[in-house]
file target_37.txt (compact mmCIF, C-alpha atoms and all ligand atoms)
# COMPACT_ATOMS: atom_id res chain seq x y z
CA ARG A 1 168.58 52.07 173.46
CA ARG A 2 170.31 53.14 176.66
CA GLY A 3 170.94 56.80 177.52
CA ASP A 4 172.20 58.57 174.44
CA THR A 5 173.44 55.38 172.80
CA ASP A 6 171.65 53.05 170.41
CA TYR A 7 172.64 49.39 170.53
CA TYR A 8 172.14 46.92 167.73
CA ASP A 9 172.90 43.23 167.88
CA LEU A 10 173.86 41.53 164.65
CA THR A 11 174.76 37.90 164.18
CA ALA A 12 176.56 36.86 161.02
CA ARG A 13 175.38 33.35 160.29
CA GLN A 14 174.51 30.81 157.66
CA ALA A 15 170.90 30.57 156.61
CA VAL A 16 168.75 29.44 153.74
CA ALA A 17 166.91 32.16 151.85
CA ALA A 18 164.16 32.08 149.25
CA VAL A 19 165.73 34.39 146.69
CA ILE A 20 164.53 32.76 143.48
CA PRO A 21 160.94 31.45 143.74
CA GLY A 22 160.97 27.71 144.29
CA LEU A 23 164.66 27.48 145.10
CA ARG A 24 166.52 27.37 148.38
CA THR A 25 169.66 29.48 148.47
CA PRO A 26 172.25 29.03 151.21
CA ILE A 27 173.56 32.45 152.28
CA TRP A 28 175.77 34.06 154.87
CA GLY A 29 173.66 36.85 156.28
CA TYR A 30 173.57 39.30 159.14
CA ASP A 31 170.81 37.84 161.33
CA GLY A 32 170.45 35.25 158.59
CA VAL A 33 168.88 37.62 156.06
CA PHE A 34 170.15 39.14 152.83
CA PRO A 35 170.55 42.06 152.72
CA GLY A 36 171.01 42.39 156.48
CA PRO A 37 168.64 44.34 158.74
CA THR A 38 168.52 48.08 158.04
CA ILE A 39 170.12 50.07 160.84
CA GLU A 40 168.72 53.55 161.29
CA THR A 41 170.26 56.21 163.46
CA ARG A 42 170.76 59.95 163.74
CA ARG A 43 173.59 62.41 163.52
CA ASP A 44 175.56 62.65 166.80
CA ARG A 45 173.77 59.65 168.33
CA ARG A 46 176.39 57.15 169.41
CA THR A 47 175.54 53.83 167.82
CA VAL A 48 177.05 50.57 168.96
CA VAL A 49 176.76 47.48 166.81
CA ARG A 50 177.47 44.26 168.66
CA LEU A 51 178.51 41.69 166.10
CA THR A 52 178.49 38.00 166.91
CA ASN A 53 180.24 35.76 164.43
CA GLY A 54 178.12 32.66 164.02
CA LEU A 55 179.97 31.65 160.87
CA ALA A 56 182.73 29.08 160.58
CA ALA A 57 185.02 31.72 159.06
CA PRO A 58 186.44 35.00 160.40
CA THR A 59 184.61 38.19 159.51
CA VAL A 60 185.15 41.93 159.83
CA LEU A 61 182.39 44.54 159.95
CA HIS A 62 182.94 47.82 158.12
CA LEU A 63 180.55 50.77 158.03
CA HIS A 64 181.02 52.13 154.52
CA GLY A 65 180.84 55.92 154.60
CA GLY A 66 181.15 56.01 158.37
CA HIS A 67 183.29 58.70 159.99
CA THR A 68 184.59 56.11 162.41
CA PRO A 69 187.46 55.79 164.91
CA ALA A 70 190.09 53.37 163.62
CA ALA A 71 189.41 50.79 166.34
CA SER A 72 185.84 50.37 165.06
CA ASP A 73 186.47 50.90 161.36
CA GLY A 74 186.71 47.23 160.50
CA HIS A 75 190.31 47.06 159.38
CA PRO A 76 190.79 44.05 157.06
CA THR A 77 193.04 42.26 159.54
CA ASP A 78 190.98 43.15 162.63
CA LEU A 79 189.14 39.83 162.56
CA VAL A 80 186.15 38.67 164.57
CA LEU A 81 186.80 34.96 164.89
CA PRO A 82 184.09 32.30 164.77
CA GLY A 83 182.10 32.34 168.00
CA ALA A 84 183.42 35.73 169.10
CA THR A 85 181.42 38.90 169.77
CA ARG A 86 182.78 42.34 169.10
CA GLU A 87 181.44 45.87 169.64
CA TYR A 88 181.80 48.46 166.92
CA ASP A 89 181.37 51.96 168.31
CA TYR A 90 180.14 54.63 165.91
CA PRO A 91 179.97 58.22 167.22
CA MET A 92 177.96 59.23 164.10
CA THR A 93 179.41 62.74 164.02
CA GLN A 94 178.35 63.10 160.41
CA ARG A 95 175.50 64.41 158.31
CA ALA A 96 172.47 62.45 157.22
CA ALA A 97 173.40 59.97 154.51
CA THR A 98 172.77 56.56 153.04
CA LEU A 99 175.56 54.32 154.32
CA TRP A 100 175.92 50.58 154.20
CA TYR A 101 177.75 47.95 156.17
CA HIS A 102 179.52 44.89 154.87
CA ASP A 103 182.19 42.30 155.51
CA HIS A 104 185.77 43.48 155.00
CA ARG A 105 187.89 40.42 155.72
CA MET A 106 191.30 40.61 154.10
CA ASP A 107 191.49 38.57 150.87
CA TYR A 108 187.89 37.31 151.32
CA THR A 109 185.66 40.38 151.09
CA GLY A 110 184.47 39.40 147.59
CA PRO A 111 183.20 35.92 148.45
CA GLN A 112 181.83 36.93 151.86
CA VAL A 113 179.84 39.87 150.52
CA TRP A 114 178.70 37.73 147.58
CA ARG A 115 177.26 35.21 150.05
CA GLY A 116 175.21 38.00 151.59
CA LEU A 117 177.14 39.93 154.24
CA ALA A 118 175.88 43.45 153.48
CA GLY A 119 173.13 45.73 154.78
CA LEU A 120 171.83 49.27 154.75
CA PHE A 121 172.66 51.89 157.40
CA LEU A 122 170.73 55.18 157.36
CA VAL A 123 171.78 58.32 159.19
CA ARG A 124 169.16 61.02 159.62
CA ASP A 125 169.45 64.57 160.90
CA ASP A 126 167.32 67.63 161.67
CA GLU A 127 168.38 69.51 158.54
CA GLU A 128 167.06 66.74 156.32
CA ASP A 129 163.97 66.04 158.44
CA ALA A 130 162.88 69.66 157.98
CA LEU A 131 162.68 69.23 154.19
CA PRO A 132 159.39 68.20 152.56
CA LEU A 133 160.95 65.20 150.79
CA PRO A 134 158.87 62.03 150.32
CA LYS A 135 158.70 60.10 153.60
CA GLY A 136 157.32 56.96 155.17
CA GLU A 137 156.28 54.35 152.62
CA ARG A 138 157.38 56.76 149.88
CA GLU A 139 160.99 56.58 151.01
CA VAL A 140 162.28 53.33 149.57
CA PRO A 141 165.77 51.90 149.90
CA LEU A 142 167.01 49.95 146.88
CA VAL A 143 170.05 47.81 147.59
CA ILE A 144 171.05 46.61 144.13
CA CYS A 145 173.44 43.77 143.45
CA ASP A 146 173.95 41.03 140.91
CA ARG A 147 174.30 37.32 141.60
CA SER A 148 174.33 34.09 139.64
CA PHE A 149 172.43 30.99 140.64
CA ALA A 150 173.07 27.33 139.92
CA ALA A 151 170.14 25.00 139.18
CA ASP A 152 170.13 23.87 142.83
CA GLY A 153 169.65 27.47 144.04
CA THR A 154 173.17 28.04 145.30
CA MET A 155 175.11 31.18 144.41
CA PRO A 156 178.45 29.78 143.28
CA TYR A 157 181.38 32.15 143.64
CA PRO A 158 183.75 31.59 140.73
CA GLY A 159 186.74 33.38 142.17
CA VAL A 160 188.29 30.42 143.93
CA PRO A 161 192.02 30.25 143.18
CA GLY A 162 192.83 27.19 141.10
CA LYS A 163 189.23 26.69 139.90
CA PRO A 164 188.31 27.26 136.26
CA GLY A 165 187.18 30.81 135.72
CA ALA A 166 189.11 32.14 138.71
CA LYS A 167 191.53 34.17 136.65
CA GLU A 168 188.73 35.85 134.69
CA ALA A 169 186.85 36.48 137.93
CA TYR A 170 189.79 38.37 139.33
CA MET A 171 190.31 40.36 136.16
CA GLY A 172 186.92 41.97 135.66
CA GLY A 173 185.52 41.07 139.05
CA VAL A 174 182.69 38.65 139.74
CA LEU A 175 179.52 39.45 137.82
CA GLY A 176 176.13 37.81 138.19
CA ASP A 177 173.42 37.42 135.59
CA VAL A 178 170.48 38.17 137.89
CA THR A 179 169.91 41.65 139.30
CA LEU A 180 168.58 41.64 142.87
CA VAL A 181 166.88 44.58 144.56
CA ASN A 182 166.73 44.21 148.34
CA GLY A 183 167.50 40.54 147.83
CA ALA A 184 164.75 39.81 145.28
CA PRO A 185 165.01 39.38 141.51
CA TRP A 186 163.20 42.02 139.42
CA PRO A 187 160.69 42.96 142.11
CA VAL A 188 157.53 44.97 141.50
CA LEU A 189 156.54 47.85 143.76
CA LYS A 190 153.00 49.22 143.60
CA VAL A 191 153.16 53.00 143.73
CA ALA A 192 150.72 55.91 143.90
CA ARG A 193 150.79 58.80 141.45
CA ALA A 194 153.17 60.68 143.72
CA ARG A 195 156.82 61.41 144.38
CA TYR A 196 159.01 58.63 145.77
CA ARG A 197 162.44 58.94 147.27
CA LEU A 198 164.69 56.06 146.21
CA ARG A 199 167.88 55.54 148.18
CA VAL A 200 170.00 53.43 145.90
CA VAL A 201 173.11 51.50 146.94
CA ASN A 202 175.24 49.66 144.43
CA ALA A 203 176.20 46.69 146.60
CA SER A 204 177.50 44.61 143.68
CA ASN A 205 180.95 43.11 143.83
CA ALA A 206 182.01 44.50 140.48
CA ARG A 207 179.13 45.70 138.31
CA PRO A 208 178.50 49.38 137.58
CA TYR A 209 174.93 50.43 136.75
CA GLU A 210 173.45 53.15 134.65
CA LEU A 211 169.92 53.40 136.00
CA SER A 212 167.06 54.85 134.02
CA THR A 213 163.27 54.95 134.31
CA GLY A 214 162.89 56.27 130.78
CA GLY A 215 161.90 59.64 132.26
CA PRO A 216 163.51 62.32 134.38
CA ILE A 217 165.17 61.33 137.65
CA VAL A 218 165.96 64.00 140.21
CA GLN A 219 169.11 63.33 142.20
CA ILE A 220 169.04 64.90 145.66
CA GLY A 221 171.93 63.16 147.36
CA THR A 222 175.05 61.12 146.97
CA ASP A 223 177.40 59.04 149.19
CA GLY A 224 177.82 61.75 151.82
CA GLY A 225 174.25 63.04 151.96
CA LEU A 226 172.23 65.80 150.33
CA LEU A 227 173.46 67.82 147.38
CA PRO A 228 173.26 71.63 147.64
CA ALA A 229 170.54 71.59 144.99
CA PRO A 230 168.62 68.92 143.09
CA ARG A 231 169.74 67.95 139.61
CA THR A 232 167.66 66.31 136.93
CA LEU A 233 169.18 63.40 135.07
CA ASP A 234 168.20 60.93 132.36
CA ALA A 235 170.25 58.17 133.97
CA VAL A 236 172.27 57.69 137.12
CA ARG A 237 175.63 55.99 136.96
CA LEU A 238 176.66 54.07 140.08
CA SER A 239 179.85 52.07 140.44
CA PRO A 240 180.22 49.45 143.20
CA GLY A 241 180.04 51.08 146.64
CA GLU A 242 178.44 54.34 145.46
CA ARG A 243 175.00 55.57 146.54
CA ALA A 244 172.47 57.90 144.96
CA ASP A 245 169.46 59.50 146.61
CA LEU A 246 166.80 59.99 143.95
CA VAL A 247 163.27 61.30 143.59
CA VAL A 248 160.96 59.96 140.89
CA ASP A 249 157.54 61.51 140.36
CA PHE A 250 155.02 58.87 139.33
CA ALA A 251 152.34 61.57 138.93
CA ALA A 252 153.83 61.94 135.46
CA HIS A 253 152.28 58.53 134.74
CA ARG A 254 148.73 57.20 134.49
CA ILE A 255 147.14 54.55 136.62
CA GLY A 256 147.97 51.20 135.03
CA ASP A 257 151.39 52.33 133.80
CA ARG A 258 154.31 50.08 134.48
CA VAL A 259 157.56 51.96 134.91
CA GLU A 260 160.69 49.89 134.54
CA LEU A 261 163.92 50.76 136.23
CA ARG A 262 166.54 49.54 133.79
CA ASP A 263 170.28 49.28 133.69
CA LEU A 264 171.38 50.94 130.47
CA ALA A 265 174.96 49.74 130.97
CA ASP A 266 173.85 46.15 130.40
CA ASP A 267 170.37 46.65 128.91
CA GLY A 268 168.69 44.77 131.73
CA ARG A 269 165.69 45.15 133.96
CA VAL A 270 166.30 46.06 137.60
CA MET A 271 162.76 46.41 138.95
CA ARG A 272 159.29 47.68 138.06
CA PHE A 273 156.95 50.25 139.56
CA ASP A 274 153.25 49.63 138.91
CA VAL A 275 151.27 52.86 139.20
CA ASP A 276 147.98 51.73 140.70
CA ARG A 277 146.29 54.64 142.47
CA ASP A 278 145.82 58.35 142.92
CA ALA A 279 146.89 59.77 146.23
CA PRO A 280 147.49 63.19 147.74
CA ASP A 281 151.13 64.23 147.69
CA ASP A 282 152.35 67.05 149.88
CA SER A 283 156.01 66.33 149.23
CA ALA A 284 158.25 68.69 147.28
CA ILE A 285 161.84 68.93 146.14
CA PRO A 286 163.19 72.20 147.51
CA ALA A 287 165.42 74.20 145.18
CA VAL A 288 167.92 74.45 148.03
CA LEU A 289 168.54 71.13 149.77
CA SER A 290 171.56 71.72 151.93
CA LYS A 291 174.54 73.91 152.52
CA VAL A 292 177.64 72.10 151.35
CA ASP A 293 180.91 73.92 151.98
CA ARG A 294 183.69 73.44 149.48
CA LEU A 295 187.12 72.52 150.73
CA ASP A 296 189.70 75.08 149.70
CA PRO A 297 192.41 73.67 147.41
CA ALA A 298 194.74 76.45 148.61
CA SER A 299 194.55 74.94 152.11
CA ALA A 300 195.85 71.56 150.91
CA THR A 301 199.30 70.93 152.36
CA VAL A 302 200.13 67.77 150.44
CA THR A 303 199.36 66.38 146.99
CA ARG A 304 199.76 62.64 146.56
CA ASP A 305 199.71 60.50 143.45
CA PHE A 306 198.25 57.01 143.37
CA GLU A 307 198.34 54.91 140.25
CA PHE A 308 195.89 51.99 139.98
CA THR A 309 197.17 49.33 137.60
CA SER A 310 197.05 45.63 136.93
CA GLY A 311 200.07 43.59 137.83
CA ASN A 312 201.27 40.08 138.08
CA LEU A 313 201.07 38.60 141.55
CA HIS A 314 202.59 35.22 142.29
CA GLY A 315 202.45 34.38 138.60
CA GLY A 316 198.72 35.10 138.48
CA THR A 317 196.53 38.14 138.26
CA GLY A 318 196.76 41.00 140.66
CA TRP A 319 196.01 44.65 141.09
CA LEU A 320 198.42 47.24 142.36
CA ILE A 321 198.52 50.77 143.76
CA ASN A 322 201.75 52.59 142.86
CA GLY A 323 203.18 49.29 141.72
CA LYS A 324 202.63 47.50 145.02
CA PRO A 325 200.15 44.93 146.26
CA TYR A 326 198.48 45.59 149.61
CA ALA A 327 200.63 44.66 152.59
CA ALA A 328 199.02 44.99 156.00
CA ASP A 329 202.30 46.02 157.63
CA ARG A 330 203.30 48.73 155.14
CA VAL A 331 202.15 52.33 155.51
CA ASP A 332 201.63 53.96 152.14
CA ALA A 333 200.73 57.46 153.31
CA THR A 334 201.09 59.26 156.62
CA VAL A 335 198.58 62.05 156.98
CA LYS A 336 198.50 64.69 159.72
CA LEU A 337 195.28 64.71 161.72
CA GLY A 338 193.24 67.65 160.51
CA ALA A 339 195.22 68.11 157.30
CA THR A 340 193.61 68.85 153.96
CA GLU A 341 195.21 66.95 151.09
CA ILE A 342 194.73 66.48 147.38
CA TRP A 343 194.93 62.92 146.14
CA ARG A 344 195.43 62.37 142.42
CA PHE A 345 194.34 59.00 141.04
CA THR A 346 195.30 57.58 137.67
CA SER A 347 194.26 54.25 136.20
CA ASP A 348 194.67 51.76 133.43
CA VAL A 349 191.18 50.24 133.43
CA SER A 350 188.22 51.57 135.43
CA HIS A 351 188.25 51.25 139.23
CA PRO A 352 185.80 52.56 141.87
CA ILE A 353 188.10 54.18 144.44
CA HIS A 354 186.97 54.27 148.08
CA LEU A 355 188.51 55.99 151.08
CA HIS A 356 187.79 55.07 154.66
CA LEU A 357 187.36 57.82 157.29
CA ALA A 358 187.41 60.89 155.06
CA HIS A 359 184.71 61.96 152.65
CA PHE A 360 186.08 63.94 149.73
CA GLN A 361 185.13 66.33 146.97
CA VAL A 362 186.09 65.65 143.39
CA LEU A 363 188.01 68.48 141.75
CA THR A 364 186.99 69.61 138.30
CA ASP A 365 189.68 71.81 136.75
CA GLY A 366 191.02 72.39 140.24
CA ALA A 367 187.69 73.45 141.77
CA PRO A 368 185.91 71.16 144.25
CA ASN A 369 182.42 69.94 143.38
CA PRO A 370 180.14 70.81 146.30
CA GLU A 371 179.11 67.25 147.15
CA TRP A 372 180.54 64.67 149.51
CA LYS A 373 181.72 61.37 148.13
CA ASP A 374 183.46 58.37 149.65
CA THR A 375 183.64 56.30 146.47
CA VAL A 376 184.28 57.58 142.98
CA GLU A 377 184.52 55.81 139.67
CA LEU A 378 187.90 56.28 138.11
CA ARG A 379 187.27 55.60 134.45
CA GLU A 380 189.64 53.93 132.06
CA ALA A 381 192.91 55.86 131.59
CA GLN A 382 191.52 58.74 133.62
CA THR A 383 193.17 61.11 136.05
CA LEU A 384 190.98 62.30 138.88
CA GLU A 385 191.79 64.64 141.75
CA VAL A 386 189.95 64.64 145.03
CA ILE A 387 190.33 66.85 148.09
CA ALA A 388 189.74 65.62 151.63
CA ARG A 389 190.19 66.76 155.20
CA PHE A 390 191.43 63.97 157.42
CA ASP A 391 189.89 65.04 160.69
CA GLY A 392 188.24 63.36 163.62
CA TYR A 393 190.32 60.34 164.47
CA PRO A 394 193.94 59.28 164.29
CA GLY A 395 194.81 55.71 163.45
CA ARG A 396 195.23 53.22 160.65
CA TYR A 397 192.85 53.22 157.70
CA VAL A 398 192.73 51.83 154.18
CA PHE A 399 191.70 52.99 150.76
CA HIS A 400 191.05 50.60 147.94
CA CYS A 401 189.31 49.70 144.74
CA HIS A 402 185.70 48.77 145.54
CA ASN A 403 185.60 46.18 142.82
CA LEU A 404 185.78 43.55 145.56
CA GLU A 405 187.82 41.11 143.51
CA HIS A 406 190.35 43.85 142.78
CA GLU A 407 190.39 44.67 146.49
CA ASP A 408 190.95 41.03 147.41
CA MET A 409 193.65 40.81 144.77
CA ALA A 410 195.57 43.51 146.63
CA MET A 411 194.37 46.82 145.18
CA MET A 412 194.32 48.37 148.63
CA ALA A 413 196.72 50.58 150.56
CA THR A 414 197.17 51.88 154.09
CA PHE A 415 197.14 55.44 155.36
CA ASP A 416 197.97 56.36 158.93
CA VAL A 417 196.46 59.49 160.43
CA ILE A 418 198.73 60.83 163.15
CU1 LIG A 501 182.74 49.45 151.31
CU2 LIG A 501 186.59 49.44 152.54
O1 LIG A 501 184.67 49.33 151.91
CU CU A 502 184.38 51.94 153.48
CU CU A 503 189.58 47.98 140.47

call {"tool": "encode", "arguments": {"input": "target_37.txt", "output": "structure tokens", "more": "lines below"}}
Ligand code: C2O
Ligand code: CU
Ligand code: CU
result
Amino acid sequence: RRGDTDYYDLTARQAVAAVIPGLRTPIWGYDGVFPGPTIETRRDRRTVVRLTNGLAAPTVLHLHGGHTPAASDGHPTDLVLPGATREYDYPMTQRAATLWYHDHRMDYTGPQVWRGLAGLFLVRDDEEDALPLPKGEREVPLVICDRSFAADGTMPYPGVPGKPGAKEAYMGGVLGDVTLVNGAPWPVLKVARARYRLRVVNASNARPYELSTGGPIVQIGTDGGLLPAPRTLDAVRLSPGERADLVVDFAAHRIGDRVELRDLADDGRVMRFDVDRDAPDDSAIPAVLSKVDRLDPASATVTRDFEFTSGNLHGGTGWLINGKPYAADRVDATVKLGATEIWRFTSDVSHPIHLHLAHFQVLTDGAPNPEWKDTVELREAQTLEVIARFDGYPGRYVFHCHNLEHEDMAMMATFDVI
């Protein structure tokens, strides 16, 4: 830390991790770990991440959910070559939220994230600190992703063009058969009979989750930070790239209870909480969490339509936006700096849609939901409208499907803010 700026050094490099007990798994990790080190900063504190590429391949660092100047956004073609060091400068003029960082190399994001290039990035602020939410060891990040392992411990990536299984991999996206939480399969966390805050990131390449503990879950936040008020859910749906900030009260259980977090979408275990002690709990979930202004649809100057469909690329499988594959030198939308716009998405199959730079609000019957998202699941044959204000920084940004195989197979487009 120097002056009002926080500096972090990250090195992307190969390493060997012990993911599955008894096996050695080669990974690509930030600082050689998977997930990468958690970066923690505060609203309005300039944060500089100095990335050294110790890999033999180019990489790009993107802060997902960051309100970031274009030069530091990690554009897919803005490569950090092997051996090079690059500074990413984040002003952090944004509210407290659970963000994450990951590789964003054009055409190779899927395999490079699969190998391990992803980590958690927390932004805190005074508004959130003043709330009596669970803190310290009762604030637990859960970075959830799926991987598959070969008998020798490696995590083979099937989506290699020309290899068997590649076409399927690029249709549905690459799925694993082992769920990892913070890099470990089906971990167990010992908990007190108290409230815990779980900050969940779906860091999977392609798998959506529907998370359930079998009891009530209170959602307090989403991609862009706190909700205006808590909401109680039976299950939390998270598509790739999305985050959910949750509170679970283990005081509803007895000592000795084992509470499983399960994925109802695939009927699988994610992790387990073993309730092993009584403990005082002075946390609470306030009825009012935050003030979230709604963007005014009447202030939108432009409405754009984007259709997400499958297509045939070079005789193989591809994914298109408005009939076109991503082209780095084509601008698909030119947005005025400071403008509010409505973007209407339609789909054939389901796609998690993610915008860089601008957080948005989903419109329901034309009215914005008071919560900030940067990724939203567009379900099969659905039409979804979102409203966003493109303020802060001019420059070149992308939006794309966050199924990473769809992204790599060209379901990405460019918008310029001018
Ligand atoms: Cu999380 Cu453009 O990506
Ligand atoms: Cu992003
Ligand atoms: Cu998609």

call {"tool": "atom_distance", "arguments": {"input": "target_37.txt", "atom1": "CA of Gly3 (chain A)", "atom2": "CA of Val123 (chain A)"}}
result
18.4 Å

call {"tool": "atom_distance", "arguments": {"input": "target_37.txt", "atom1": "CA of Phe34 (chain A)", "atom2": "CA of Val181 (chain A)"}}
result
10.4 Å

call {"tool": "residues_near_ligand", "arguments": {"input": "target_37.txt", "ligand": "ligand CU 502 (chain A)", "cutoff": "7 Å", "atoms": "all atoms listed in the file", "output": "number ranges by chain"}}
result
A: 62-65, 354-356

call {"tool": "residues_near_ligand", "arguments": {"input": "target_37.txt", "ligand": "ligand LIG 501 (chain A)", "cutoff": "10 Å", "atoms": "only C-alpha atoms and all ligand atoms", "output": "PyMOL selection string"}}
result
chain A and resi 61-66+73-76+99-105+109+118+203+205+240-242+353-357+374-375+397-404+407+412

call {"tool": "residues_near_ligand", "arguments": {"input": "target_37.txt", "ligand": "ligand CU 503 (chain A)", "cutoff": "9 Å", "atoms": "only C-alpha atoms and all ligand atoms", "output": "list of chain:residue names"}}
result
A:Met171, A:Gly172, A:Gly173, A:Ala206, A:Phe308, A:Thr309, A:Ser310, A:Trp319, A:Ser347, A:Val349, A:Ser350, A:His351, A:Pro352, A:Ile353, A:Leu378, A:His400, A:Cys401, A:His402, A:Asn403, A:Leu404, A:Glu405, A:His406, A:Glu407, A:Met411

call {"tool": "closest_residue", "arguments": {"input": "target_37.txt", "among": "A:Arg277, A:Lys324, A:Arg304, A:Arg43", "to": "Glu385 (chain A)", "atoms": "all atoms listed in the file"}}
result
A:Arg304

call {"tool": "residues_around", "arguments": {"input": "target_37.txt", "residues": "Leu133 (chain A)", "least_positions_apart": "6", "cutoff": "8 Å", "atoms": "all atoms listed in the file", "output": "PyMOL selection string"}}
result
chain A and resi 197+283-285

call {"tool": "residues_around", "arguments": {"input": "target_37.txt", "residues": "Asp329 (chain A)", "least_positions_apart": "3", "cutoff": "12 Å", "atoms": "only C-alpha atoms", "output": "count of residues only"}}
result
12

call {"tool": "closest_residue", "arguments": {"input": "target_37.txt", "among": "A:Asp408, A:Asp6, A:Asp266, A:Asp146", "to": "Trp186 (chain A)", "atoms": "all atoms listed in the file"}}
result
A:Asp146

call {"tool": "decode", "arguments": {"input": "target_37.txt", "residues": "region 125-161 of chain A", "atoms": "C-alpha atoms", "output": "mmCIF file, in the first residue's frame"}}
result
data_model
loop_
_atom_site.group_PDB
_atom_site.id
_atom_site.type_symbol
_atom_site.label_atom_id
_atom_site.label_comp_id
_atom_site.auth_asym_id
_atom_site.auth_seq_id
_atom_site.Cartn_x
_atom_site.Cartn_y
_atom_site.Cartn_z
ATOM 1 C CA ASP A 125 -17.645 0.105 1.821
ATOM 2 C CA ASP A 126 -18.840 2.062 4.858
ATOM 3 C CA GLU A 127 -22.527 1.505 4.131
ATOM 4 C CA GLU A 128 -22.090 -2.249 4.306
ATOM 5 C CA ASP A 129 -19.634 -2.178 7.217
ATOM 6 C CA ALA A 130 -22.245 -0.375 9.322
ATOM 7 C CA LEU A 131 -24.668 -3.301 9.005
ATOM 8 C CA PRO A 132 -24.687 -6.062 11.642
ATOM 9 C CA LEU A 133 -24.179 -8.830 9.055
ATOM 10 C CA PRO A 134 -22.085 -11.886 9.996
ATOM 11 C CA LYS A 135 -18.389 -11.000 9.882
ATOM 12 C CA GLY A 136 -14.937 -12.445 10.368
ATOM 13 C CA GLU A 137 -14.882 -16.234 10.286
ATOM 14 C CA ARG A 138 -18.658 -16.164 9.727
ATOM 15 C CA GLU A 139 -18.233 -14.466 6.369
ATOM 16 C CA VAL A 140 -17.282 -17.256 3.997
ATOM 17 C CA PRO A 141 -16.585 -16.973 0.289
ATOM 18 C CA LEU A 142 -17.648 -19.979 -1.791
ATOM 19 C CA VAL A 143 -16.135 -20.045 -5.259
ATOM 20 C CA ILE A 144 -17.987 -22.907 -6.916
ATOM 21 C CA CYS A 145 -16.920 -24.588 -10.127
ATOM 22 C CA ASP A 146 -16.989 -28.009 -11.704
ATOM 23 C CA ARG A 147 -14.049 -29.930 -13.124
ATOM 24 C CA SER A 148 -13.306 -33.425 -14.347
ATOM 25 C CA PHE A 149 -10.221 -35.391 -13.416
ATOM 26 C CA ALA A 150 -8.373 -38.149 -15.219
ATOM 27 C CA ALA A 151 -6.925 -41.073 -13.245
ATOM 28 C CA ASP A 152 -3.510 -39.352 -13.228
ATOM 29 C CA GLY A 153 -4.985 -36.252 -11.544
ATOM 30 C CA THR A 154 -4.963 -33.987 -14.573
ATOM 31 C CA MET A 155 -8.000 -31.905 -15.518
ATOM 32 C CA PRO A 156 -8.364 -32.652 -19.224
ATOM 33 C CA TYR A 157 -10.117 -29.952 -21.222
ATOM 34 C CA PRO A 158 -12.199 -31.617 -23.916
ATOM 35 C CA GLY A 159 -12.786 -28.568 -26.052
ATOM 36 C CA VAL A 160 -9.749 -28.905 -28.265
ATOM 37 C CA PRO A 161 -10.717 -28.445 -31.915
#
